[in-house]
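Chemist: Dropping the structure in here first, questions after.
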Amino acid sequence: MITLSVVVPIRDGERFIADALTSLSRNARGDFEFIVVNDGSVDATGDIIDDFIGELPGLVVIRNPAPVGLADARNTGLSAATGRYVTYMDGDDWLAPGYLARLVEAIDGLGCDFVRVDHVQVEGRKRVVHRAPLARRGSVLNPRDAILPANVRTMVDYPYAWAGVYKRSLGDLLHFPGSLHTAEDRPWIWRLHREAATFAVASLAGVFYRRMVSGSLTQVGDERQLHFFDAFELVFKDLEPEFLPKAARNFCALLAHHLEIGERLTPALRARFEERGAQMVRALPPELVAESVSRMSVEREATLRALVPDLPPSPHVRVRRDREES
């Protein structure tokens with residue numbers, strides 16, 4: 001019987017995949033399986049993965065002849081998983097020794113549908129622990145109760161699939177929208193919190209997440225960045241009215257962030273991005289947009305008002321401005 005399946009999608013990751021697989025070897029257990037999905041790599045990634053065959057217990061390798069994208073690569077690995085639980089790891093990240101055993105211990109002990117955890121963000125030699133937004137730890141809760149309030153960071157603002165462990169019996173709730181090549185985790189986390197029955201947050205920080213890696217989707221400025229809007233269209237689709245203020249604030253904050261780093265886009269693509277952004281902002285209730293921008297930093301409010309000059313004025317005198325994590 002397999003207790004835990006770890007799904008690792010990777011494409012052209014020859015610089016980091018050995019580190020990732022070595023960290024898995026330091027977490028290996030007889031009831032763990034490691035499903036590595038080589039998503040059409042054309043560099044030495046496949047050869048490096050093959051070097052671990054026979055060295056990493058529980059290693060399963062799936063090779064996509066052509067890349068299908070992160071979402072569908074994860075879905076492919078999930079379809080092959082046989083564990084009672086499943087977690088994810090990106091191929092340019094790594095895990096602390098013994099982390100996976102502690103992750104299983106947490107969800108076994110709590111008995112809930114999924115458990116979210118903290119992580120360590122890595123930029124060069126810098127290491128910073130990022131905590132999941134919910135302060136209450138080790139208690140089984142209703143995931144819907146962790147979506148609000150709208151004006152502070154909550155669990156839907158912490159979408160990282162690899163920062164947690166999930167019962168595989170959640171089925172379709174663990175699948176990612178395959179049509180998306182970026183921001184696929186946004187509708188995923190919203191659906192998980194809206195439809196799962198129970199969850200908890202545990203104080204574990206064993207995932208080391210490399211940020212600002214060249215070639216990652218967060219750094220690439222091609223047409224895939226337009227999938228940000230497709231992702232939020234899925235978030236807004238059939239959304240309960242009580243959650244709309246939170247989703248609107250979430251969208252506006254991230255839109256402002258994308259506009260702030262818009263220099264990575266070509267002028268033509270940036271124009272399309274701005275046009276799509278303005279359309280979606282105008283489709284939201286004006287009072288929700290006004291409330292959302294009034295709680296942003298001065299710079300972000302100015303960015304959105306430059307995009308949509310006819311936004312209504314702020315509904316109140318600003319007492320505090322919260323900056324959403326991007």
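Residue numbering restarts at 1 in every chain; chains get A, B, ... in the order shown in the structure tokens, and ligands count up from 1 in that same order.
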Skip A:Thr82 itself and residues of its chain fewer than 3 positions away, then list as a PyMOL selection string all residues within 9 Å of it, counting only C-alpha atoms.
Modeler: chain A and resi 1-5+33+78-79+85-86+168
Chemist: If we count only C-alpha atoms, what is near A:Asn142 at a cut-off of 6 Å, once residues fewer than 2 positions away on the same chain are taken out, given as a list in words?
Modeler: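 Everything that qualifies: Arg144, Asp145 and Thr198 of chain A.
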Chemist: Within stretch 142-246 of chain A, find each residue whose DSSP state, derived from the backbone, is strand (DSSP E), and express the selection as a list in words.
Modeler: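 Reading the DSSP output for stretch 142-246 of chain A, strand (DSSP E) covers Gly164, Val165, Tyr166, Lys167, Phe199, Ala200, Val201, Ala202, Val207, Phe208, Tyr209 and Arg210 of chain A.
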Chemist: Write the selection just made, keeping all heavy atoms, as a compact mmCIF listing (two decimals), in the first residue's frame?
Modeler:
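part_24.txt was written with the following content:
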# COMPACT_ATOMS: atom_id res chain seq x y z
N GLY A 164 1.41 21.77 0.83
CA GLY A 164 0.34 21.05 1.47
C GLY A 164 0.30 19.59 1.08
O GLY A 164 1.10 19.12 0.26
N VAL A 165 -0.65 18.87 1.64
CA VAL A 165 -0.87 17.45 1.35
C VAL A 165 -2.37 17.23 1.32
O VAL A 165 -3.12 17.85 2.09
CB VAL A 165 -0.16 16.55 2.38
CG1 VAL A 165 -0.67 16.80 3.80
CG2 VAL A 165 -0.26 15.08 2.00
N TYR A 166 -2.82 16.33 0.45
CA TYR A 166 -4.24 16.22 0.13
C TYR A 166 -4.66 14.76 0.05
O TYR A 166 -3.90 13.91 -0.45
CB TYR A 166 -4.52 16.90 -1.22
CG TYR A 166 -3.82 18.22 -1.35
CD1 TYR A 166 -2.50 18.28 -1.85
CD2 TYR A 166 -4.41 19.39 -0.91
CE1 TYR A 166 -1.83 19.49 -1.92
CE2 TYR A 166 -3.73 20.60 -0.98
CZ TYR A 166 -2.43 20.65 -1.48
OH TYR A 166 -1.76 21.84 -1.53
N LYS A 167 -5.85 14.46 0.55
CA LYS A 167 -6.39 13.11 0.35
C LYS A 167 -6.66 12.91 -1.14
O LYS A 167 -7.33 13.73 -1.77
CB LYS A 167 -7.69 12.94 1.14
CG LYS A 167 -7.50 12.71 2.63
CD LYS A 167 -8.84 12.42 3.30
CE LYS A 167 -8.66 12.11 4.77
NZ LYS A 167 -9.98 11.87 5.43
N PHE A 199 -10.21 21.04 6.48
CA PHE A 199 -8.79 21.29 6.25
C PHE A 199 -8.16 21.79 7.54
O PHE A 199 -8.85 22.08 8.53
CB PHE A 199 -8.59 22.28 5.11
CG PHE A 199 -8.41 23.71 5.55
CD1 PHE A 199 -7.18 24.35 5.40
CD2 PHE A 199 -9.45 24.43 6.14
CE1 PHE A 199 -7.01 25.67 5.80
CE2 PHE A 199 -9.29 25.75 6.54
CZ PHE A 199 -8.05 26.37 6.36
N ALA A 200 -6.84 21.89 7.53
CA ALA A 200 -6.11 22.45 8.66
C ALA A 200 -4.82 23.05 8.15
O ALA A 200 -4.39 22.79 7.02
CB ALA A 200 -5.83 21.37 9.71
N VAL A 201 -4.19 23.86 8.98
CA VAL A 201 -2.86 24.39 8.70
C VAL A 201 -1.91 23.85 9.75
O VAL A 201 -2.23 23.85 10.95
CB VAL A 201 -2.85 25.94 8.71
CG1 VAL A 201 -1.44 26.47 8.49
CG2 VAL A 201 -3.80 26.49 7.65
N ALA A 202 -0.76 23.36 9.32
CA ALA A 202 0.26 22.83 10.22
C ALA A 202 1.52 23.68 10.12
O ALA A 202 1.86 24.19 9.05
CB ALA A 202 0.57 21.37 9.89
N VAL A 207 9.48 22.84 2.45
CA VAL A 207 9.61 23.06 1.01
C VAL A 207 10.48 24.30 0.79
O VAL A 207 10.18 25.38 1.32
CB VAL A 207 8.24 23.27 0.33
CG1 VAL A 207 8.42 23.52 -1.16
CG2 VAL A 207 7.33 22.08 0.56
N PHE A 208 11.53 24.14 -0.01
CA PHE A 208 12.39 25.27 -0.37
C PHE A 208 12.05 25.68 -1.81
O PHE A 208 12.33 24.94 -2.76
CB PHE A 208 13.86 24.87 -0.24
CG PHE A 208 14.30 24.72 1.19
CD1 PHE A 208 13.98 23.57 1.90
CD2 PHE A 208 15.01 25.72 1.83
CE1 PHE A 208 14.36 23.42 3.23
CE2 PHE A 208 15.39 25.59 3.15
CZ PHE A 208 15.07 24.43 3.86
N TYR A 209 11.42 26.83 -1.93
CA TYR A 209 10.87 27.32 -3.19
C TYR A 209 11.81 28.34 -3.81
O TYR A 209 12.03 29.42 -3.25
CB TYR A 209 9.49 27.93 -2.92
CG TYR A 209 8.95 28.87 -3.96
CD1 TYR A 209 8.82 28.47 -5.29
CD2 TYR A 209 8.55 30.17 -3.61
CE1 TYR A 209 8.32 29.35 -6.24
CE2 TYR A 209 8.03 31.04 -4.56
CZ TYR A 209 7.92 30.62 -5.88
OH TYR A 209 7.42 31.49 -6.82
N ARG A 210 12.39 27.99 -4.96
CA ARG A 210 13.26 28.93 -5.66
C ARG A 210 12.41 29.98 -6.37
O ARG A 210 11.59 29.64 -7.22
CB ARG A 210 14.12 28.19 -6.70
CG ARG A 210 15.12 27.23 -6.14
CD ARG A 210 15.98 26.69 -7.29
NE ARG A 210 16.55 25.40 -7.00
CZ ARG A 210 17.79 25.19 -6.57
NH1 ARG A 210 18.57 26.23 -6.35
NH2 ARG A 210 18.24 23.97 -6.34
Chemist: Give the helix (DSSP H, G or I) residues of stretch 10-171 of chain A, as assigned by DSSP on the backbone, as an NGL selection string.
Modeler: :A and (17-25 or 45-51 or 70-80 or 99-110 or 143-146 or 155-157 or 168-171)
Chemist: As a PyMOL selection string, please: the residues near stretch 92-95 of chain A (cut-off 8 Å, only C-alpha atoms, same-chain neighbours under 3 positions excluded).
Modeler: chain A and resi 10+13+15-17+19-21+23-24+89+99+206-210
Chemist: Find, counting only C-alpha atoms, the residue in A:Lys126, A:Arg194, A:Arg305, A:His258 that gets nearest to A:Val289.
Modeler: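 Smallest distance to A:Val289 is found for A:Arg305.
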